[in-house]
$ cat query-v2.cif   # mmCIF, C-alpha atoms
data_structure
#
loop_
_atom_site.label_atom_id
_atom_site.label_comp_id
_atom_site.auth_asym_id
_atom_site.auth_seq_id
_atom_site.Cartn_x
_atom_site.Cartn_y
_atom_site.Cartn_z
CA MET A 1 0.00 0.00 0.00
CA TYR A 2 2.70 2.50 0.99
CA LYS A 3 4.84 1.67 -2.03
CA TYR A 4 1.88 2.45 -4.30
CA PHE A 5 1.31 5.72 -2.42
CA PHE A 6 5.03 6.54 -2.70
CA ARG A 7 4.95 6.10 -6.49
CA LEU A 8 1.68 8.01 -6.83
CA VAL A 9 2.37 10.96 -4.52
CA PHE A 10 5.79 11.27 -2.88
CA LYS A 11 7.84 10.35 -5.94
CA ARG A 12 6.22 13.23 -7.84
CA LEU A 13 7.13 15.76 -5.17
CA ASP A 14 10.47 17.42 -4.56
CA PRO A 15 12.17 15.16 -1.96
CA GLU A 16 12.49 17.91 0.65
CA GLN A 17 8.87 18.97 0.13
CA ALA A 18 7.76 15.35 0.49
CA HIS A 19 9.77 15.05 3.70
CA HIS A 20 8.13 18.09 5.25
CA LEU A 21 4.67 16.90 4.19
CA ALA A 22 5.11 13.39 5.60
CA PHE A 23 6.71 14.67 8.80
CA ARG A 24 3.82 17.10 9.29
CA TRP A 25 1.34 14.23 9.04
CA ILE A 26 3.33 12.18 11.54
CA ARG A 27 3.44 15.05 14.04
CA LEU A 28 -0.27 15.73 13.65
CA ALA A 29 -1.16 12.07 14.22
CA ALA A 30 0.96 12.02 17.38
CA ARG A 31 -1.09 14.92 18.80
CA VAL A 32 -4.42 13.05 18.61
CA PRO A 33 -4.74 10.84 21.74
CA VAL A 34 -6.89 7.98 20.39
CA LEU A 35 -5.20 7.95 17.00
CA ARG A 36 -1.66 7.89 18.36
CA THR A 37 -2.54 5.06 20.76
CA PHE A 38 -3.97 3.02 17.90
CA LEU A 39 -1.01 3.74 15.62
CA ALA A 40 1.56 2.92 18.30
CA ALA A 41 -0.16 -0.40 18.99
CA ALA A 42 -0.13 -1.24 15.28
CA LEU A 43 3.27 0.13 14.31
CA ALA A 44 5.35 -0.22 17.47
CA PRO A 45 4.62 -3.61 19.08
CA ARG A 46 6.96 -4.49 21.93
CA TYR A 47 9.04 -7.66 22.09
CA LYS A 48 10.43 -8.43 25.54
CA GLU A 49 13.31 -10.37 24.04
CA LEU A 50 14.52 -7.25 22.20
CA ARG A 51 14.86 -5.09 25.31
CA THR A 52 18.26 -3.46 25.16
CA GLU A 53 20.61 -1.81 27.62
CA ALA A 54 23.17 0.49 26.08
CA LEU A 55 25.01 3.61 27.20
CA GLY A 56 23.57 3.03 30.66
CA LEU A 57 20.06 3.41 29.20
CA ARG A 58 17.18 0.98 28.87
CA MET A 59 15.33 0.78 25.57
CA HIS A 60 12.45 -1.28 24.21
CA GLY A 61 14.73 -2.47 21.44
CA PRO A 62 17.94 -1.66 19.55
CA PHE A 63 16.42 0.14 16.56
CA GLY A 64 16.54 3.93 16.35
CA LEU A 65 16.09 6.83 13.99
CA ALA A 66 19.36 8.28 12.72
CA ALA A 67 20.07 11.99 12.90
CA GLY A 68 18.89 14.10 9.98
CA PHE A 69 15.19 13.32 9.93
CA ASP A 70 14.16 15.39 12.95
CA LYS A 71 16.72 18.18 12.94
CA ASN A 72 14.91 20.46 15.39
CA ALA A 73 13.33 18.11 17.95
CA VAL A 74 9.80 18.78 16.71
CA GLY A 75 8.58 15.22 16.13
CA ILE A 76 10.09 12.92 18.76
CA ASP A 77 6.73 11.51 19.87
CA GLY A 78 5.69 10.91 16.28
CA MET A 79 8.80 8.91 15.49
CA ALA A 80 8.44 6.87 18.68
CA MET A 81 4.85 6.18 17.65
CA LEU A 82 6.23 4.64 14.44
CA GLY A 83 8.40 2.20 16.37
CA PHE A 84 11.79 3.84 16.82
CA ASP A 85 13.26 2.82 20.18
CA HIS A 86 15.55 5.83 20.25
CA VAL A 87 15.41 9.06 18.29
CA GLU A 88 18.54 11.02 17.48
CA ILE A 89 17.73 14.64 16.74
CA GLY A 90 19.92 17.07 14.84
CA THR A 91 22.42 17.79 13.61
CA VAL A 92 22.14 20.92 15.78
CA THR A 93 24.71 23.72 15.46
CA GLY A 94 25.72 26.46 17.86
CA GLU A 95 23.89 29.09 15.81
CA PRO A 96 20.81 28.82 13.59
CA GLN A 97 21.53 28.38 9.91
CA PRO A 98 19.42 27.87 6.77
CA GLY A 99 21.69 25.25 5.24
CA ASN A 100 22.73 25.06 1.62
CA PRO A 101 20.71 26.44 -1.31
CA LYS A 102 17.90 24.25 -2.64
CA GLN A 103 17.65 21.78 -4.37
CA ARG A 104 19.75 19.87 -1.85
CA LEU A 105 18.07 16.49 -1.45
CA PHE A 106 17.85 13.88 -4.21
CA ARG A 107 16.30 10.42 -4.45
CA LEU A 108 18.10 7.63 -6.27
CA VAL A 109 15.04 5.39 -6.37
CA GLU A 110 16.58 2.61 -8.44
CA ASP A 111 19.40 2.36 -5.90
CA ARG A 112 17.17 2.87 -2.85
CA ALA A 113 19.44 5.71 -1.87
CA LEU A 114 19.50 9.44 -1.17
CA ILE A 115 22.02 12.18 -1.82
CA ASN A 116 21.86 15.18 0.45
CA ARG A 117 23.80 18.38 0.80
CA MET A 118 21.47 19.92 3.35
CA GLY A 119 24.27 21.69 5.21
CA PHE A 120 23.05 21.34 8.80
CA ASN A 121 19.90 23.45 8.33
CA ASN A 122 18.51 23.84 11.85
CA ASP A 123 17.12 26.27 14.42
CA GLY A 124 20.33 26.45 16.46
CA SER A 125 21.18 25.01 19.86
CA LEU A 126 19.45 27.72 21.91
CA ARG A 127 16.03 27.21 20.33
CA VAL A 128 16.32 23.44 20.19
CA ALA A 129 17.31 23.35 23.87
CA ALA A 130 14.27 25.46 24.76
CA ARG A 131 12.06 23.11 22.76
CA LEU A 132 13.44 20.06 24.54
CA ALA A 133 13.08 21.79 27.93
CA SER A 134 9.41 22.50 27.32
CA ARG A 135 8.60 19.07 25.91
CA THR A 136 5.91 17.02 27.64
CA PRO A 137 6.53 13.55 26.22
CA VAL A 138 3.67 11.26 25.28
CA PHE A 139 6.04 8.44 24.40
CA LYS A 140 9.43 8.10 26.04
CA PRO A 141 12.07 6.92 23.62
CA VAL A 142 15.71 7.53 24.41
CA VAL A 143 16.58 10.91 22.86
CA GLY A 144 20.05 11.46 21.45
CA VAL A 145 21.28 14.91 20.45
CA ASN A 146 23.68 15.18 17.52
CA ILE A 147 25.78 18.37 17.43
CA GLY A 148 27.90 19.83 14.66
CA LYS A 149 29.87 22.93 13.68
CA THR A 150 28.19 26.13 12.57
CA LYS A 151 29.24 26.73 8.97
CA VAL A 152 30.51 30.29 9.43
CA VAL A 153 32.64 29.37 12.43
CA PRO A 154 36.30 28.97 11.42
CA GLU A 155 37.87 25.59 11.95
CA GLU A 156 40.17 26.97 14.66
CA GLU A 157 37.09 28.05 16.65
CA ALA A 158 35.20 24.79 16.19
CA VAL A 159 35.83 23.51 19.73
CA ALA A 160 34.17 26.56 21.31
CA ASP A 161 31.20 26.19 18.94
CA TYR A 162 30.68 22.54 19.90
CA VAL A 163 31.10 23.36 23.59
CA LYS A 164 28.39 26.02 23.35
CA SER A 165 25.95 23.48 21.91
CA ALA A 166 26.95 20.84 24.46
CA GLU A 167 26.36 23.23 27.36
CA ARG A 168 22.93 24.15 26.05
CA LEU A 169 21.76 20.69 25.05
CA ALA A 170 23.39 18.21 27.45
CA PRO A 171 20.74 18.71 30.18
CA TYR A 172 18.07 17.40 27.81
CA ALA A 173 20.05 14.67 26.04
CA ASP A 174 19.99 11.01 26.98
CA TYR A 175 23.23 10.92 24.98
CA LEU A 176 25.29 13.38 22.94
CA VAL A 177 26.90 12.78 19.55
CA VAL A 178 29.76 14.82 18.13
CA ASN A 179 29.28 14.86 14.37
CA VAL A 180 32.58 15.43 12.55
CA SER A 181 31.71 13.39 9.48
CA SER A 182 29.14 15.22 7.37
CA PRO A 183 30.56 16.07 3.94
CA ASN A 184 28.34 19.13 3.62
CA THR A 185 30.08 21.59 5.96
CA PRO A 186 33.45 22.76 4.60
CA GLY A 187 36.37 21.53 6.68
CA LEU A 188 34.24 19.49 9.06
CA ARG A 189 35.75 16.13 8.18
CA ASN A 190 39.21 17.49 8.98
CA LEU A 191 38.16 17.25 12.62
CA GLN A 192 38.22 13.44 12.36
CA ALA A 193 42.03 13.53 12.43
CA THR A 194 43.02 12.44 15.93
CA GLU A 195 45.12 15.54 16.60
CA ALA A 196 41.98 17.67 16.08
CA LEU A 197 39.50 15.17 17.47
CA ARG A 198 41.23 14.66 20.84
CA PRO A 199 40.85 18.26 22.10
CA LEU A 200 37.35 18.51 20.64
CA LEU A 201 36.01 15.40 22.37
CA SER A 202 37.79 16.27 25.61
CA ALA A 203 36.26 19.74 25.63
CA VAL A 204 32.74 18.46 24.90
CA ARG A 205 33.12 15.82 27.62
CA GLU A 206 34.16 18.49 30.11
CA ALA A 207 31.30 20.75 29.05
CA ALA A 208 28.71 18.00 29.49
CA ASP A 209 30.10 17.08 32.91
CA ARG A 210 30.22 20.71 34.00
CA THR A 211 26.66 21.38 32.87
CA VAL A 212 25.04 18.16 34.12
CA SER A 213 26.39 17.06 37.47
CA ALA A 214 23.57 14.72 38.53
CA ARG A 215 24.34 12.10 35.87
CA ARG A 216 26.87 11.23 33.21
CA VAL A 217 25.67 12.14 29.74
CA PRO A 218 27.04 9.48 27.37
CA LEU A 219 29.20 10.91 24.59
CA LEU A 220 29.65 9.36 21.15
CA VAL A 221 31.39 10.37 17.94
CA LYS A 222 29.99 9.77 14.45
CA ILE A 223 32.53 8.88 11.76
CA ALA A 224 32.54 8.73 7.97
CA PRO A 225 32.69 5.54 5.90
CA ASP A 226 35.34 7.20 3.76
CA LEU A 227 38.04 7.05 6.44
CA ALA A 228 41.02 4.87 5.59
CA ASP A 229 41.26 1.71 7.67
CA GLU A 230 44.21 3.06 9.66
CA ASP A 231 42.19 6.18 10.49
CA VAL A 232 39.26 4.04 11.67
CA ASP A 233 41.73 2.26 13.97
CA ALA A 234 43.07 5.59 15.21
CA VAL A 235 39.58 6.86 16.08
CA ALA A 236 38.82 3.57 17.84
CA ASP A 237 41.99 3.82 19.91
CA LEU A 238 41.28 7.46 20.75
CA ALA A 239 37.74 6.63 21.85
CA VAL A 240 39.06 4.03 24.26
CA GLU A 241 41.82 6.35 25.50
CA LEU A 242 39.37 9.16 26.25
CA GLY A 243 36.76 6.90 27.83
CA LEU A 244 34.24 7.73 25.13
CA ASP A 245 30.92 5.92 25.44
CA GLY A 246 30.44 5.00 21.82
CA ILE A 247 31.08 5.36 18.10
CA ILE A 248 28.41 5.66 15.41
CA ALA A 249 29.44 4.01 12.16
CA THR A 250 28.79 5.45 9.68
CA ASN A 251 27.68 8.76 8.21
CA THR A 252 27.05 9.32 4.49
CA THR A 253 29.70 8.77 1.83
CA ILE A 254 31.13 11.06 -0.84
CA ALA A 255 32.13 8.00 -2.88
CA ARG A 256 30.27 7.07 -6.06
CA GLU A 257 32.60 4.61 -7.78
CA GLY A 258 32.39 0.94 -6.93
CA LEU A 259 28.93 1.17 -5.38
CA GLY A 260 27.05 -0.33 -8.31
CA LEU A 261 24.83 2.72 -8.78
CA THR A 262 22.27 2.37 -11.56
CA SER A 263 20.33 5.63 -11.23
CA ASP A 264 20.50 8.36 -13.84
CA ALA A 265 24.02 9.76 -14.16
CA SER A 266 22.78 13.31 -13.64
CA LEU A 267 21.56 12.30 -10.17
CA VAL A 268 24.60 10.23 -9.28
CA LYS A 269 26.94 13.14 -9.98
CA GLU A 270 25.13 15.47 -7.55
CA THR A 271 27.47 16.55 -4.78
CA GLY A 272 26.69 15.65 -1.18
CA GLY A 273 26.53 12.63 1.04
CA LEU A 274 25.13 9.38 -0.33
CA SER A 275 23.07 7.24 2.05
CA GLY A 276 20.97 4.13 1.70
CA ALA A 277 21.49 0.66 0.30
CA PRO A 278 24.77 1.33 -1.60
CA LEU A 279 26.44 2.22 1.70
CA LYS A 280 25.65 -1.16 3.26
CA GLU A 281 28.88 -3.02 2.53
CA ARG A 282 31.34 -0.33 3.61
CA SER A 283 29.38 0.60 6.72
CA LEU A 284 29.33 -3.04 7.81
CA GLU A 285 33.05 -3.33 7.08
CA VAL A 286 33.86 -0.30 9.25
CA LEU A 287 31.69 -1.67 12.04
CA ARG A 288 33.47 -5.04 12.00
CA ARG A 289 36.82 -3.30 12.10
CA LEU A 290 35.78 -1.15 15.04
CA TYR A 291 34.49 -4.10 17.04
CA ALA A 292 37.65 -6.08 16.38
CA ARG A 293 39.56 -3.12 17.77
CA VAL A 294 37.46 -2.11 20.78
CA GLY A 295 35.40 -5.19 21.61
CA ASP A 296 32.92 -4.56 24.40
CA ARG A 297 34.79 -1.60 25.87
CA ILE A 298 32.56 0.95 24.17
CA THR A 299 29.13 0.86 22.53
CA LEU A 300 28.97 0.72 18.75
CA VAL A 301 25.99 1.98 16.77
CA GLY A 302 25.54 0.59 13.26
CA VAL A 303 23.97 2.86 10.63
CA GLY A 304 24.19 3.09 6.88
CA GLY A 305 22.34 0.92 4.37
CA ILE A 306 20.06 -0.83 6.85
CA GLU A 307 16.93 -1.74 4.90
CA ASN A 308 15.44 -4.70 6.73
CA ALA A 309 15.69 -6.97 9.76
CA GLU A 310 18.44 -9.07 8.17
CA ASP A 311 20.60 -5.97 7.71
CA ALA A 312 20.00 -4.98 11.34
CA TRP A 313 20.80 -8.51 12.52
CA GLN A 314 24.05 -8.54 10.56
CA ARG A 315 25.06 -5.27 12.25
CA ILE A 316 24.42 -6.78 15.66
CA LEU A 317 26.49 -9.84 14.82
CA ALA A 318 29.23 -7.46 13.59
CA GLY A 319 29.36 -5.64 16.91
CA ALA A 320 26.54 -3.09 17.04
CA THR A 321 24.56 -2.89 20.25
CA LEU A 322 22.27 -0.33 18.61
CA VAL A 323 21.29 0.12 14.99
CA GLN A 324 19.81 3.14 13.24
CA GLY A 325 18.12 3.90 9.96
CA TYR A 326 16.75 6.77 7.94
CA SER A 327 16.95 6.42 4.15
CA ALA A 328 15.04 3.14 3.94
CA PHE A 329 12.19 4.73 5.90
CA ILE A 330 11.57 6.93 2.86
CA TYR A 331 11.08 3.85 0.69
CA GLU A 332 9.49 1.44 3.21
CA GLY A 333 7.08 3.75 5.00
CA PRO A 334 5.36 3.60 8.40
CA PHE A 335 5.42 -0.18 8.83
CA TRP A 336 9.21 -0.28 8.58
CA GLY A 337 9.87 -0.22 12.32
CA ARG A 338 7.32 -2.97 12.92
CA ALA A 339 8.96 -5.17 10.29
CA ILE A 340 12.44 -4.61 11.74
CA HIS A 341 11.34 -5.56 15.25
CA LYS A 342 9.38 -8.60 14.14
CA GLY A 343 12.26 -9.82 12.00
CA LEU A 344 14.86 -9.30 14.72
CA ALA A 345 12.74 -11.21 17.24
CA ALA A 346 12.38 -14.08 14.75
CA ARG A 347 16.11 -14.21 14.05
CA LEU A 348 16.99 -14.16 17.72
CA ALA A 349 14.53 -16.99 18.39
CA THR A 350 16.19 -19.25 15.81
CA SER A 351 19.75 -18.26 16.72
CA PRO A 352 22.05 -19.92 19.26
CA TYR A 353 21.99 -16.77 21.39
CA ALA A 354 19.81 -16.38 24.47
CA THR A 355 19.73 -12.58 24.26
CA LEU A 356 20.56 -9.81 21.82
CA ALA A 357 23.50 -8.87 24.02
CA ASP A 358 24.93 -12.36 23.49
CA ALA A 359 24.72 -11.87 19.73
CA VAL A 360 26.58 -8.56 19.67
CA GLY A 361 29.89 -9.10 17.86
CA ALA A 362 29.45 -12.86 17.64
CA ASP A 363 30.57 -13.09 14.01
CA VAL A 364 33.72 -11.05 14.68
CA ARG A 365 34.64 -13.11 17.72
CA LYS A 366 34.36 -16.28 15.65
CA THR A 367 37.06 -15.08 13.25
CA ALA A 368 39.33 -13.51 15.87
#

$ encode --input "query-v2.cif" --output "structure tokens"
Amino acid sequence: MYKYFFRLVFKRLDPEQAHHLAFRWIRLAARVPVLRTFLAAALAPRYKELRTEALGLRMHGPFGLAAGFDKNAVGIDGMAMLGFDHVEIGTVTGEPQPGNPKQRLFRLVEDRALINRMGFNNDGSLRVAARLASRTPVFKPVVGVNIGKTKVVPEEEAVADYVKSAERLAPYADYLVVNVSSPNTPGLRNLQATEALRPLLSAVREAADRTVSARRVPLLVKIAPDLADEDVDAVADLAVELGLDGIIATNTTIAREGLGLTSDASLVKETGGLSGAPLKERSLEVLRRLYARVGDRITLVGVGGIENAEDAWQRILAGATLVQGYSAFIYEGPFWGRAIHKGLAARLATSPYATLADAVGADVRKTA
């Protein structure tokens, strides 16, 4: 049904316009008490065997919404209603910014992928913090807050910009993510180099601790799939050294070659980050490498190319305690979360593992 609706309506709309339209409907549905209860029962069934503990937090399951869909924390309840066990908002920057000129979002339907060069369009950390502070949750998913660098801030002032966002947002975040891997902010990916990343992560950690004394706000870093293997290892080692809580692998890719893309060449050549199915292999490869390096010392979050329960299961076996998706939601629609949970429960039931936690990293440990 949704796929027919996608072809009939959404495919004919500009992708960003379609996003805003669909998101508006989701938010409206979440405001109607009887309707949201019915939809949550249908779209977000709970499976006790999928209950997950990660980052010191308890969740109904391991499946969450990746950053980028809800940039401004306006639809957390709606996304929880659709079955996401955690919702990562953002990317939020220190100051408000409109992002890059439109058109900046493109569908590669034949490849089940997206290209975006949104450029961190968001309301800024002050307004988003106020919105989170005033929120009266209907549903209570874990809420992650993804922070990035304001575009006009010079690279040498990036640390202060991130610290400002951390100070404003940490009180309302179940976990914080430092995003240094979007390809759409000039110079941002340079911050993935360990000599730049060490002081940045240390400063954000200190800011979160200084601002929130009653609890420890978990801190993660999100990395690009385009890092060389030795750089992946370096980030993994740094995360352990600094006592980081987790790594999210991976963000979008700037690569186009070797991904088997079949969409129109005019779309494929659009600049920006590619997400969706073509990212699956490299994202899984980075995740395996990270787990082999860090084991159970920090939490790994698998994202990139997850389309179905089998993809999510493979990420868990490769070392991910949590998995996230976004692009496939555009193509699969509102029953996507339900299908992921049902499929994960079925795979766990037929596996040799008693719990999801037992399955985390099992394939990597076998080959170690």

$ residues_around --input "query-v2.cif" --residues "A:Glu257" --least-positions-apart "3" --cutoff "12 Å" --atoms "all atoms listed in the file" --output "MDAnalysis selection string"
chainID A and resid 253:254 260:262 265 268:269 274 278:279

$ closest_residue --input "query-v2.cif" --among "A:Tyr47, A:Tyr326, A:Tyr175, A:Phe38" --to "A:Gly64" --atoms "all atoms listed in the file"
A:Tyr326

$ residues_around --input "query-v2.cif" --residues "A:Met81" --least-positions-apart "3" --cutoff "8 Å" --atoms "only C-alpha atoms" --output "PyMOL selection string"
chain A and resi 30+36+39-40+43-44+77-78+84+139

$ write_last_selection --input "query-v2.cif" --atoms "C-alpha atoms" --output "mmCIF file, in the frame of the given file"
data_model
loop_
_atom_site.group_PDB
_atom_site.id
_atom_site.type_symbol
_atom_site.label_atom_id
_atom_site.label_comp_id
_atom_site.auth_asym_id
_atom_site.auth_seq_id
_atom_site.Cartn_x
_atom_site.Cartn_y
_atom_site.Cartn_z
ATOM 1 C CA ALA A 30 0.960 12.020 17.380
ATOM 2 C CA ARG A 36 -1.660 7.890 18.360
ATOM 3 C CA LEU A 39 -1.010 3.740 15.620
ATOM 4 C CA ALA A 40 1.560 2.920 18.300
ATOM 5 C CA LEU A 43 3.270 0.130 14.310
ATOM 6 C CA ALA A 44 5.350 -0.220 17.470
ATOM 7 C CA ASP A 77 6.730 11.510 19.870
ATOM 8 C CA GLY A 78 5.690 10.910 16.280
ATOM 9 C CA PHE A 84 11.790 3.840 16.820
ATOM 10 C CA PHE A 139 6.040 8.440 24.400
#

$ closest_atom_pairs --input "query-v2.cif" --of "stretch 201-292 of chain A" --to "stretch 140-163 of chain A" --cutoff "8 Å" --atoms "all atoms listed in the file" --output "tab-separated table"
residue	atom	partner	partner_atom	distance
A:Ala203	CA	A:Val163	CA	6.6
A:Val204	CA	A:Val163	CA	5.3
A:Ala207	CA	A:Val163	CA	6.1

$ resolve_selection --input "query-v2.cif" --expression "the PyMOL selection byres ((chain A and resi 48) around 12)" --output "list in words"
Pro45, Arg46, Tyr47, Glu49, Leu50, Arg51, Thr52, Met59, His60, Gly61, Pro62, His341, Lys342, Leu344, Ala345, Leu348, Ala349, Thr355 and Leu356 of chain A

$ write_last_selection --input "query-v2.cif" --atoms "C-alpha atoms" --output "JSON list (two decimals), keeping the file's coordinate frame"
[["chain", "number", "residue", "atom", "x", "y", "z"],
["A", 45, "PRO", "CA", 4.62, -3.61, 19.08],
["A", 46, "ARG", "CA", 6.96, -4.49, 21.93],
["A", 47, "TYR", "CA", 9.04, -7.66, 22.09],
["A", 49, "GLU", "CA", 13.31, -10.37, 24.04],
["A", 50, "LEU", "CA", 14.52, -7.25, 22.20],
["A", 51, "ARG", "CA", 14.86, -5.09, 25.31],
["A", 52, "THR", "CA", 18.26, -3.46, 25.16],
["A", 59, "MET", "CA", 15.33, 0.78, 25.57],
["A", 60, "HIS", "CA", 12.45, -1.28, 24.21],
["A", 61, "GLY", "CA", 14.73, -2.47, 21.44],
["A", 62, "PRO", "CA", 17.94, -1.66, 19.55],
["A", 341, "HIS", "CA", 11.34, -5.56, 15.25],
["A", 342, "LYS", "CA", 9.38, -8.60, 14.14],
["A", 344, "LEU", "CA", 14.86, -9.30, 14.72],
["A", 345, "ALA", "CA", 12.74, -11.21, 17.24],
["A", 348, "LEU", "CA", 16.99, -14.16, 17.72],
["A", 349, "ALA", "CA", 14.53, -16.99, 18.39],
["A", 355, "THR", "CA", 19.73, -12.58, 24.26],
["A", 356, "LEU", "CA", 20.56, -9.81, 21.82]]

$ resolve_selection --input "query-v2.cif" --expression "the PyMOL selection byres ((chain A and resi 282-298) around 7)" --output "VMD selection string"
chain A and resid 225 233 236 245 to 246 249 to 250 279 to 281 299 to 300 302 304 315 318 to 319 361 364

$ atom_distance --input "query-v2.cif" --atom1 "atom CA of A:Gly273" --atom2 "atom CA of A:Lys11"
20.1 Å

$ closest_residue --input "query-v2.cif" --among "A:Ala29, A:Ala22, A:Ala312, A:Leu191" --to "A:Phe6" --atoms "only C-alpha atoms"
A:Ala22

$ atom_distance --input "query-v2.cif" --atom1 "atom CA of A:Asp363" --atom2 "atom CA of A:Gly305"
18.9 Å

$ resolve_selection --input "query-v2.cif" --expression "the PyMOL selection byres ((chain A and resi 89) around 9)" --output "ChimeraX atom specification"
/A:65-74,76,87-88,90-92,143-147

$ atom_distance --input "query-v2.cif" --atom1 "atom CA of A:Val240" --atom2 "atom CA of A:Leu169"
24.0 Å

$ closest_residue --input "query-v2.cif" --among "A:Ile330, A:Ser125, A:Thr194, A:Tyr172" --to "A:Val232" --atoms "only C-alpha atoms"
A:Thr194

$ axis_aligned_box --input "query-v2.cif" --around "stretch 243-261 of chain A" --padding-each-side "6 Å" --output "JSON"
{"center_x": 30.8, "center_y": 5.4, "center_z": 9.5, "size_x": 23.9, "size_y": 23.4, "size_z": 48.6}

$ closest_residue --input "query-v2.cif" --among "A:Glu310, A:Asn121, A:Ala129, A:Leu242" --to "A:Pro199" --atoms "all atoms listed in the file"
A:Leu242

$ closest_residue --input "query-v2.cif" --among "A:Asp111, A:Glu16, A:Glu167, A:Asp226" --to "A:Asn251" --atoms "all atoms listed in the file"
A:Asp226
